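Have a look at the structure below, then the notes.
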Amino acid sequence: MTVAIQSNSPYPVPLKKNGLIESYKENSPTHVIPQKTIDLEVASLLKRIESTPGFDPTVKFDAKKHIIFKEEYCSPEVTKQFTLKDLKITKTHVPPLSDFGAAFPFPLISEEAVNIMLWEGFQPHVLEKWARLPNLATGANRLDFHIGGHARSEAPFSWAFFNSPELSEIVSKFCGFKARPLYNSEVCHFNVSLATEDPEIAATYPKTKEEIDAILAKQDAGDGDAIPSSLGLHYDSSSLALVIMMDLPKEAVGGQTTIVTGDEKSRRVPEPTIGSATIIQGRVLKHLASKPVTNHNRITCVAGMAIAPPILDNTALTSVKPSVMSRARYDTFYSDWTTYRFENLELRLKYLREKLVKRYEDGEKFNQEEVIGWCEEMEEYLHKTWDEMEAVHNPPYPSKHFSTPYDEY
Ligand SMILES: [Fe+2]
């Protein structure tokens with residue numbers, strides 16, 4: 001059966017004037033990466049990677065070799081960590097999964113892993129299909145784009161890394177609950193700002209320390225939305241974001257992740273070195289990724305993570321659905337999303353069913369109130385699986401709640 005949709009939403013279809021992509025079902029052809037970018041800057045990035053001594057893209061992922069994380073990095077003396085309370089966040093728009101707020105940079109993967117993952121993601125045929133210029137971005141140009149959804153079919157090394165139990169274990173240690181990677185479309189995506197190789201444009205970048213400092217000071221004084229970024233101020237739709245630095249020359253200035261603390265102040269997260277990562281509970285922490293002020297590459301690779309079943313996750317469609325996120329290919333994205341949600345629900349149902357059977361066998365009294373609570377939770381989860389789909393609701397983007405002060409929740 002298919003439903004005859006009678007949406008009573010005031011926004012029945014995605015409209016460009018509301019910040020949405022109208023061609024989302026055709027995979028946003030209006031946002032493809034210009035050939036000039038592929039011929040110039042991407043070609044030069046690939047050339048650099050391929051000329052690294054010993055580079056071999058056929059190497060298989062090996063956690064022992066490619067994950068360079070050490071147990072002691074979890075210690076707060078080694079890696080700076082912030083609870084939501086430390087960040088003065090006491091009210092959130094959805095309930096947080098734990099009091100974990102953010103972990104500042106810690107070494108995670110080797111240089112070889114960085115190079116192979118970049119190489120897999122930046123192949124021209126991968127970019128053609130899986131990369132798009134951002135839908136909404138402040139001060140973005142042909143060199144700012146997103147890649148994602150390619151890992152399962154195009155990037156065996158990246159896929160194996162993000163789905164490795166070793167990685168989930170590391171993230172779990174920081175955030176205080178059992179974490180797992182999200183579905184394919186959200187598990188390995190690159191946020192890219194490339195340095196221009198066009199000499200005319202290059203000449204427009206600040207050169208002296210004074211020029212650079214003046215721009216940074218101006219950004220810090222203004223509101224977050226004015227900072228040039230490939231992704232404006234937002235909450236993530238995934239519970240956690242693991243952000244790995246893939247490229248950032250030492251001389252680059254600016255371009256950090258900026259988080260908004262409970263007192264609505266912007267705070268720049270120190271930039272990880274290449275192969276290092278940060279983690280934030282992005283579902284409840286307002287943030288943005290700014291572009292470098294200088295003419296340098298900044299490439300991060302992000303994995304959305306969530307709480308592992310049988311606990312139901314708190315992920316959403318808001319900032320990742322195809323009418324908002326140009327890189328999300330309609331069929332792949334929704335197949336990934338619904339499969340992920342259904343699987344979690346299956347595991348939740350199995351867990352609860354087994355619990356009921358065991359209780360009966362142990363001679364326990366049946367608890368109606370508790371079982372009704374379980375059912376309501378699952379109904380809500382199922383409802384959240386579709387209530388933001390384009391077929392029913394397309395409110396303007398960026399969402400209103402991105403600019404609502406924490407205090408108003
Ligand atoms: Fe984010």
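By order of appearance in the structure tokens: chains A, B, ..., then residues from 1 within every chain, and ligands from 1 in the order shown.
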
Margin query: Let's see if you can do this: from backbone DSSP, list all helix (DSSP H, G or I) residues in region 166-400 of chain A, as a PyMOL selection string.
Written below: chain A and resi 166-175+184-186+199-202+209-221+224-226+330-361+368-386+400

Quick one: write out the picked residues with C-alpha atoms as a tab-separated table (two decimals), in the first residue's frame?
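Contents of out_33.tsv, freshly written:
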chain	number	residue	atom	x	y	z
A	166	GLU	CA	38.11	-0.49	16.90
A	167	LEU	CA	36.85	2.93	15.82
A	168	SER	CA	33.46	2.52	17.52
A	169	GLU	CA	35.26	1.52	20.70
A	170	ILE	CA	37.42	4.66	20.67
A	171	VAL	CA	34.42	6.94	20.18
A	172	SER	CA	32.46	5.07	22.88
A	173	LYS	CA	35.25	5.68	25.38
A	174	PHE	CA	35.02	9.43	24.92
A	175	CYS	CA	31.27	9.86	24.84
A	184	ASN	CA	26.52	4.80	4.42
A	185	SER	CA	25.43	8.30	3.33
A	186	GLU	CA	26.56	9.81	6.64
A	199	PRO	CA	46.69	33.25	-9.89
A	200	GLU	CA	44.19	36.11	-10.21
A	201	ILE	CA	42.04	34.81	-7.34
A	202	ALA	CA	45.10	33.81	-5.29
A	209	LYS	CA	50.10	38.79	9.44
A	210	GLU	CA	48.31	42.10	9.99
A	211	GLU	CA	45.85	41.46	7.17
A	212	ILE	CA	45.16	37.93	8.44
A	213	ASP	CA	44.70	39.01	12.07
A	214	ALA	CA	42.31	41.76	11.05
A	215	ILE	CA	40.07	39.29	9.22
A	216	LEU	CA	40.09	36.80	12.12
A	217	ALA	CA	39.25	39.52	14.64
A	218	LYS	CA	36.37	40.68	12.47
A	219	GLN	CA	35.02	37.10	12.25
A	220	ASP	CA	35.27	36.54	16.00
A	221	ALA	CA	33.46	39.79	16.75
A	224	GLY	CA	28.65	33.01	13.45
A	225	ASP	CA	26.53	33.08	10.32
A	226	ALA	CA	28.79	35.73	8.79
A	330	TYR	CA	17.97	10.66	-3.47
A	331	ASP	CA	17.71	6.88	-3.92
A	332	THR	CA	20.90	6.01	-2.04
A	333	PHE	CA	20.17	8.38	0.80
A	334	TYR	CA	16.62	7.28	1.52
A	335	SER	CA	17.45	3.61	1.09
A	336	ASP	CA	20.33	4.05	3.59
A	337	TRP	CA	18.22	6.06	6.01
A	338	THR	CA	15.12	3.88	6.12
A	339	THR	CA	17.15	0.67	6.27
A	340	TYR	CA	19.14	2.07	9.18
A	341	ARG	CA	16.02	3.11	11.09
A	342	PHE	CA	14.16	-0.13	10.43
A	343	GLU	CA	17.15	-2.19	11.52
A	344	ASN	CA	17.40	-0.29	14.79
A	345	LEU	CA	13.72	-0.78	15.39
A	346	GLU	CA	14.00	-4.50	14.65
A	347	LEU	CA	16.79	-4.82	17.19
A	348	ARG	CA	14.82	-2.81	19.73
A	349	LEU	CA	11.74	-5.00	19.21
A	350	LYS	CA	13.79	-8.18	19.51
A	351	TYR	CA	15.38	-6.93	22.71
A	352	LEU	CA	12.04	-6.01	24.26
A	353	ARG	CA	10.33	-9.22	23.11
A	354	GLU	CA	13.05	-11.33	24.71
A	355	LYS	CA	12.75	-9.28	27.87
A	356	LEU	CA	8.98	-9.94	28.00
A	357	VAL	CA	9.43	-13.68	27.49
A	358	LYS	CA	12.07	-13.85	30.21
A	359	ARG	CA	9.95	-11.91	32.67
A	360	TYR	CA	7.00	-14.24	32.12
A	361	GLU	CA	9.19	-17.29	32.55
A	368	GLN	CA	1.20	-2.45	31.41
A	369	GLU	CA	2.45	1.10	32.05
A	370	GLU	CA	6.01	0.16	31.15
A	371	VAL	CA	5.03	-1.70	27.98
A	372	ILE	CA	2.86	1.22	26.86
A	373	GLY	CA	5.92	3.44	27.34
A	374	TRP	CA	7.99	1.13	25.12
A	375	CYS	CA	5.33	1.19	22.42
A	376	GLU	CA	5.06	4.97	22.52
A	377	GLU	CA	8.81	5.33	22.20
A	378	MET	CA	8.87	3.07	19.15
A	379	GLU	CA	5.88	4.83	17.58
A	380	GLU	CA	7.68	8.12	17.98
A	381	TYR	CA	10.83	6.65	16.44
A	382	LEU	CA	8.91	5.40	13.43
A	383	HIS	CA	7.16	8.74	13.08
A	384	LYS	CA	10.51	10.57	13.13
A	385	THR	CA	11.66	8.29	10.33
A	386	TRP	CA	9.31	10.00	7.87
A	400	LYS	CA	14.71	28.24	12.82

Where does chain A meet ligand 1 within 10 Å, residue by residue, with the nearest atom pair and distance in Å to one decimal for each, counting only C-alpha atoms and all ligand atoms, listed by chain and rising number, as a tab-separated table?
residue	atom	partner	partner_atom_place_in_ligand_line	distance
A:Asn191	CA	ligand 1	1 (Fe)	9.8
A:Leu231	CA	ligand 1	1 (Fe)	7.5
A:Gly232	CA	ligand 1	1 (Fe)	8.8
A:Leu233	CA	ligand 1	1 (Fe)	8.2
A:His234	CA	ligand 1	1 (Fe)	6.4
A:Tyr235	CA	ligand 1	1 (Fe)	6.1
A:Asp236	CA	ligand 1	1 (Fe)	4.7
A:Ser237	CA	ligand 1	1 (Fe)	8.0
A:Ser238	CA	ligand 1	1 (Fe)	8.6
A:Leu240	CA	ligand 1	1 (Fe)	9.0
A:Ala241	CA	ligand 1	1 (Fe)	6.9
A:Leu242	CA	ligand 1	1 (Fe)	9.6
A:Val243	CA	ligand 1	1 (Fe)	9.0
A:Thr257	CA	ligand 1	1 (Fe)	8.7
A:Thr258	CA	ligand 1	1 (Fe)	9.9
A:Ile259	CA	ligand 1	1 (Fe)	9.7
A:Ile280	CA	ligand 1	1 (Fe)	8.8
A:Gln281	CA	ligand 1	1 (Fe)	9.4
A:Gly282	CA	ligand 1	1 (Fe)	6.1
A:Arg283	CA	ligand 1	1 (Fe)	8.3
A:Leu285	CA	ligand 1	1 (Fe)	8.9
A:Lys286	CA	ligand 1	1 (Fe)	8.1
A:His287	CA	ligand 1	1 (Fe)	6.3
A:Leu288	CA	ligand 1	1 (Fe)	6.2
A:Ala289	CA	ligand 1	1 (Fe)	7.3
A:Val302	CA	ligand 1	1 (Fe)	8.6
A:Gly304	CA	ligand 1	1 (Fe)	9.1
A:Ser319	CA	ligand 1	1 (Fe)	8.9

Next item on the list: Give the strand (DSSP E) residues of region 253-386 of chain A, as assigned by DSSP on the backbone, as a list of chain:residue names.
Entry: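 DSSP-assigned strand (DSSP E) residues in region 253-386 of chain A: A:Thr257, A:Thr258, A:Ile259, A:Val260, A:Ser266, A:Arg267, A:Arg268, A:Ser276, A:Ala277, A:Thr278, A:Ile279, A:Ile280, A:His287, A:Leu288, A:Ala289, A:Ser290, A:Arg298, A:Ile299, A:Thr300, A:Cys301, A:Val302, A:Ala303, A:Gly304, A:Met305, A:Ala306, A:Ile307.
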
Can you write out the residues you just picked, keeping C-alpha atoms, as a PDB file, in the first residue's frame?
ATOM      1  CA  THR A 257      35.349  24.266  13.777  1.00  0.00           C
ATOM      2  CA  THR A 258      33.633  26.880  15.875  1.00  0.00           C
ATOM      3  CA  ILE A 259      31.200  25.824  18.576  1.00  0.00           C
ATOM      4  CA  VAL A 260      28.617  28.019  20.241  1.00  0.00           C
ATOM      5  CA  SER A 266      31.693  31.395  19.639  1.00  0.00           C
ATOM      6  CA  ARG A 267      34.631  29.233  20.607  1.00  0.00           C
ATOM      7  CA  ARG A 268      37.143  27.945  18.078  1.00  0.00           C
ATOM      8  CA  SER A 276      43.994  13.732  14.233  1.00  0.00           C
ATOM      9  CA  ALA A 277      40.330  13.938  15.128  1.00  0.00           C
ATOM     10  CA  THR A 278      37.840  15.742  17.298  1.00  0.00           C
ATOM     11  CA  ILE A 279      34.440  14.523  18.492  1.00  0.00           C
ATOM     12  CA  ILE A 280      31.423  16.674  19.295  1.00  0.00           C
ATOM     13  CA  HIS A 287      28.613  24.737  15.462  1.00  0.00           C
ATOM     14  CA  LEU A 288      30.069  25.601  12.071  1.00  0.00           C
ATOM     15  CA  ALA A 289      33.184  24.766  10.076  1.00  0.00           C
ATOM     16  CA  SER A 290      34.834  27.917   8.814  1.00  0.00           C
ATOM     17  CA  ARG A 298      41.173  22.439   4.386  1.00  0.00           C
ATOM     18  CA  ILE A 299      39.693  18.973   4.042  1.00  0.00           C
ATOM     19  CA  THR A 300      37.986  17.147   6.861  1.00  0.00           C
ATOM     20  CA  CYS A 301      36.428  13.728   6.801  1.00  0.00           C
ATOM     21  CA  VAL A 302      33.420  13.351   9.044  1.00  0.00           C
ATOM     22  CA  ALA A 303      31.684  10.278  10.376  1.00  0.00           C
ATOM     23  CA  GLY A 304      28.262  10.579  11.863  1.00  0.00           C
ATOM     24  CA  MET A 305      27.949   8.289  14.869  1.00  0.00           C
ATOM     25  CA  ALA A 306      25.015   7.414  17.076  1.00  0.00           C
ATOM     26  CA  ILE A 307      24.130   5.379  20.108  1.00  0.00           C
TER      27      ILE A 307
END

Next item on the list: Record the distance separating CA of Pro398 (chain A) and CA of Gly149 (chain A), expressed in Å with one decimal.
Entry: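 Atom-to-atom, CA of Pro398 (chain A) and CA of Gly149 (chain A) are spaced 22.0 Å apart.
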
Margin query: Just want the 9 Å neighbourhood of Glu120 (chain A), counted on only C-alpha atoms, with same-chain residues fewer than 5 positions away dropped. Output as a list in words.
Written below: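 Returned residues: Pro57, Asn115, Val126, His150, Ala151, Glu154, Ala155, Pro156, Phe157 and Ser158 of chain A.
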
Output file for the selection above: N, CA and C atoms, as a PDB file, in the first residue's frame:
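Result written to selection-v2.pdb:
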ATOM      1  N   PRO A  57      47.246   2.595  -3.328  1.00  0.00           N
ATOM      2  CA  PRO A  57      45.816   2.677  -2.985  1.00  0.00           C
ATOM      3  C   PRO A  57      45.145   1.313  -2.853  1.00  0.00           C
ATOM      4  N   ASN A 115      46.004   9.342   3.242  1.00  0.00           N
ATOM      5  CA  ASN A 115      46.212   9.435   1.796  1.00  0.00           C
ATOM      6  C   ASN A 115      45.296   8.506   1.004  1.00  0.00           C
ATOM      7  N   VAL A 126      34.249   9.551  -8.883  1.00  0.00           N
ATOM      8  CA  VAL A 126      33.560   9.600  -7.581  1.00  0.00           C
ATOM      9  C   VAL A 126      32.964  10.998  -7.380  1.00  0.00           C
ATOM     10  N   HIS A 150      29.789   7.792  -0.916  1.00  0.00           N
ATOM     11  CA  HIS A 150      30.575   6.988  -1.858  1.00  0.00           C
ATOM     12  C   HIS A 150      31.247   5.786  -1.194  1.00  0.00           C
ATOM     13  N   ALA A 151      31.335   5.801   0.141  1.00  0.00           N
ATOM     14  CA  ALA A 151      32.232   4.851   0.805  1.00  0.00           C
ATOM     15  C   ALA A 151      31.891   3.388   0.516  1.00  0.00           C
ATOM     16  N   GLU A 154      32.475   2.778  -3.452  1.00  0.00           N
ATOM     17  CA  GLU A 154      33.661   3.259  -4.176  1.00  0.00           C
ATOM     18  C   GLU A 154      34.941   3.266  -3.346  1.00  0.00           C
ATOM     19  N   ALA A 155      34.831   3.110  -2.040  1.00  0.00           N
ATOM     20  CA  ALA A 155      35.992   3.367  -1.193  1.00  0.00           C
ATOM     21  C   ALA A 155      36.164   2.266  -0.143  1.00  0.00           C
ATOM     22  N   PRO A 156      36.684   1.091  -0.573  1.00  0.00           N
ATOM     23  CA  PRO A 156      36.757  -0.048   0.357  1.00  0.00           C
ATOM     24  C   PRO A 156      37.578   0.220   1.613  1.00  0.00           C
ATOM     25  N   PHE A 157      38.650   0.971   1.467  1.00  0.00           N
ATOM     26  CA  PHE A 157      39.495   1.244   2.640  1.00  0.00           C
ATOM     27  C   PHE A 157      38.727   2.104   3.647  1.00  0.00           C
ATOM     28  N   SER A 158      38.135   3.191   3.149  1.00  0.00           N
ATOM     29  CA  SER A 158      37.392   4.110   4.026  1.00  0.00           C
ATOM     30  C   SER A 158      36.232   3.369   4.698  1.00  0.00           C
TER      31      SER A 158
END
